[in-house]
file protein_29.pdb (PDB, C-alpha atoms)
MODEL        1
ATOM      1  CA  MET A 228      99.233  98.783 122.110
ATOM      2  CA  LYS A 229     101.240 100.638 124.758
ATOM      3  CA  SER A 230     101.263  99.161 128.251
ATOM      4  CA  SER A 231     101.659 100.942 131.569
ATOM      5  CA  ALA A 232     102.652 100.209 135.149
ATOM      6  CA  CYS A 233     101.081 101.047 138.494
ATOM      7  CA  CYS A 234     102.942 101.371 141.816
ATOM      8  CA  PHE A 235     101.351 100.937 145.233
ATOM      9  CA  PHE A 236     102.644 102.806 148.272
ATOM     10  CA  GLY A 237     100.630 102.984 151.461
ATOM     11  CA  HIS A 238     100.486 102.914 155.224
ATOM     12  CA  ARG A 239     101.653 100.027 157.378
ATOM     13  CA  THR A 240      98.253  99.892 159.052
ATOM     14  CA  ILE A 241      94.892 100.679 157.483
ATOM     15  CA  ASN A 242      91.221 100.483 158.363
ATOM     16  CA  GLU A 243      90.474  97.562 156.053
ATOM     17  CA  THR A 244      86.768  97.573 155.183
ATOM     18  CA  GLU A 245      84.745  95.774 152.527
ATOM     19  CA  GLU A 246      84.012  99.194 151.006
ATOM     20  CA  LEU A 247      87.749  99.898 150.677
ATOM     21  CA  LYS A 248      88.402  96.475 149.121
ATOM     22  CA  SER A 249      85.539  96.894 146.679
ATOM     23  CA  LYS A 250      86.606 100.393 145.616
ATOM     24  CA  LEU A 251      90.263  99.393 145.201
ATOM     25  CA  ASN A 252      89.275  96.342 143.166
ATOM     26  CA  GLU A 253      87.114  98.543 140.934
ATOM     27  CA  ILE A 254      89.950 101.045 140.425
ATOM     28  CA  ILE A 255      92.538  98.337 139.687
ATOM     29  CA  GLU A 256      90.270  96.626 137.162
ATOM     30  CA  LYS A 257      89.579  99.987 135.498
ATOM     31  CA  LEU A 258      93.353 100.546 135.198
ATOM     32  CA  ILE A 259      93.725  97.161 133.485
ATOM     33  CA  VAL A 260      90.805  97.585 131.098
ATOM     34  CA  ASP A 261      90.793 101.320 130.341
ATOM     35  CA  GLU A 262      94.426 102.373 130.855
ATOM     36  CA  ASN A 263      96.213  99.215 129.620
ATOM     37  CA  VAL A 264      98.060  98.756 132.899
ATOM     38  CA  ASP A 265      99.668  95.322 132.799
ATOM     39  CA  THR A 266     102.401  95.613 135.437
ATOM     40  CA  PHE A 267     101.808  96.237 139.140
ATOM     41  CA  LEU A 268     104.706  97.097 141.455
ATOM     42  CA  PHE A 269     104.616  96.367 145.179
ATOM     43  CA  VAL A 270     106.859  97.179 148.129
ATOM     44  CA  SER A 271     106.844  95.476 151.512
ATOM     45  CA  LYS A 272     106.021  96.419 155.098
ATOM     46  CA  SER A 273     102.626  97.902 154.336
ATOM     47  CA  ARG A 274      99.176  96.434 154.913
ATOM     48  CA  PHE A 275      97.899  98.649 152.072
ATOM     49  CA  ASN A 276     100.384  97.072 149.658
ATOM     50  CA  CYS A 277      99.494  93.573 150.871
ATOM     51  CA  LEU A 278      95.811  94.295 150.285
ATOM     52  CA  CYS A 279      96.510  95.595 146.775
ATOM     53  CA  LEU A 280      98.638  92.512 146.036
ATOM     54  CA  GLU A 281      95.767  90.271 147.145
ATOM     55  CA  LEU A 282      93.333  92.142 144.881
ATOM     56  CA  VAL A 283      95.670  92.120 141.858
ATOM     57  CA  THR A 284      96.306  88.409 142.417
ATOM     58  CA  GLY A 285      92.560  87.805 142.342
ATOM     59  CA  LEU A 286      92.207  89.812 139.139
ATOM     60  CA  LYS A 287      95.071  87.850 137.561
ATOM     61  CA  GLU A 288      92.649  84.930 137.165
ATOM     62  CA  LYS A 289      90.473  87.117 134.914
ATOM     63  CA  TYR A 290      93.411  88.954 133.288
ATOM     64  CA  PRO A 291      96.275  86.401 133.137
ATOM     65  CA  HIS A 292      98.540  88.765 131.174
ATOM     66  CA  ILE A 293      99.076  91.125 134.135
ATOM     67  CA  LYS A 294     102.355  90.946 136.056
ATOM     68  CA  ARG A 295     103.092  91.419 139.766
ATOM     69  CA  VAL A 296     106.562  92.727 140.630
ATOM     70  CA  TYR A 297     108.112  92.998 144.096
ATOM     71  CA  VAL A 298     110.380  96.043 144.484
ATOM     72  CA  ARG A 299     113.047  95.959 147.166
ATOM     73  CA  ALA A 300     113.150  99.079 149.285
ATOM     74  CA  GLU A 301     116.898  98.852 149.943
ATOM     75  CA  LEU A 302     119.939  97.850 147.948
ATOM     76  CA  ARG A 303     122.500  95.525 149.477
ATOM     77  CA  ASN A 304     125.991  96.917 149.963
ATOM     78  CA  LEU A 305     128.017  96.227 146.875
TER      79      LEU A 305
ENDMDL
END

call {"tool": "encode", "arguments": {"input": "protein_29.pdb", "output": "structure tokens"}}
result
Amino acid sequence: MKSSACCFFGHRTINETEELKSKLNEIIEKLIVDENVDTFLFVSKSRFNCLCLELVTGLKEKYPHIKRVYVRAELRNL
């Protein structure tokens, strides 16, 4: 079975409501179940990304095979 990845990019500040959390959780779970998404990529400095990380972390209890990956926004000078 082919797996897929999902990337989250969002605003630093958001109007965080229970409706938003519920809808995001529903969408993320649908990605896992229906679209075989097993890898979730996150960047820093965004409340939206932090919220998504919290939701994916919660869903990891139900779907332990999913992976959370932190993506650095900048490369160090080589």

call {"tool": "closest_residue", "arguments": {"input": "protein_29.pdb", "among": "A:Tyr297, A:Val264, A:Ser273, A:Lys248", "to": "Gly285 of chain A", "atoms": "all atoms listed in the file"}}
result
A:Lys248

call {"tool": "resolve_selection", "arguments": {"input": "protein_29.pdb", "expression": "the PyMOL selection byres ((chain A and resi 293) around 10)", "output": "ChimeraX atom specification"}}
result
/A:232,259,263-267,283-284,286-292,294-295

call {"tool": "residues_around", "arguments": {"input": "protein_29.pdb", "residues": "Gly237 of chain A", "least_positions_apart": "6", "cutoff": "12 Å", "atoms": "all atoms listed in the file", "output": "compact mmCIF listing (two decimals) with C-alpha atoms, in the frame of the given file"}}
result
# COMPACT_ATOMS: atom_id res chain seq x y z
CA PHE A 269 104.62 96.37 145.18
CA VAL A 270 106.86 97.18 148.13
CA SER A 271 106.84 95.48 151.51
CA LYS A 272 106.02 96.42 155.10
CA SER A 273 102.63 97.90 154.34
CA ARG A 274 99.18 96.43 154.91
CA PHE A 275 97.90 98.65 152.07
CA ASN A 276 100.38 97.07 149.66
CA CYS A 277 99.49 93.57 150.87
CA LEU A 278 95.81 94.30 150.28
CA CYS A 279 96.51 95.60 146.78
CA LEU A 280 98.64 92.51 146.04

call {"tool": "atom_distance", "arguments": {"input": "protein_29.pdb", "atom1": "atom CA of Val298 of chain A", "atom2": "atom CA of Ser249 of chain A"}}
result
25.0 Å

call {"tool": "atom_distance", "arguments": {"input": "protein_29.pdb", "atom1": "atom CA of His238 of chain A", "atom2": "atom CA of Lys257 of chain A"}}
result
22.7 Å

call {"tool": "atom_distance", "arguments": {"input": "protein_29.pdb", "atom1": "atom CA of Glu301 of chain A", "atom2": "atom CA of Phe236 of chain A"}}
result
14.9 Å

call {"tool": "closest_residue", "arguments": {"input": "protein_29.pdb", "among": "A:Leu268, A:Ser231, A:Arg239, A:Leu282", "to": "Ile255 of chain A", "atoms": "all atoms listed in the file"}}
result
A:Leu282

call {"tool": "axis_aligned_box", "arguments": {"input": "protein_29.pdb", "around": "segment 247-251 of chain A", "padding_each_side": "3 Å", "output": "JSON"}}
result
{"center_x": 87.9, "center_y": 98.4, "center_z": 147.9, "size_x": 10.7, "size_y": 9.9, "size_z": 11.5}
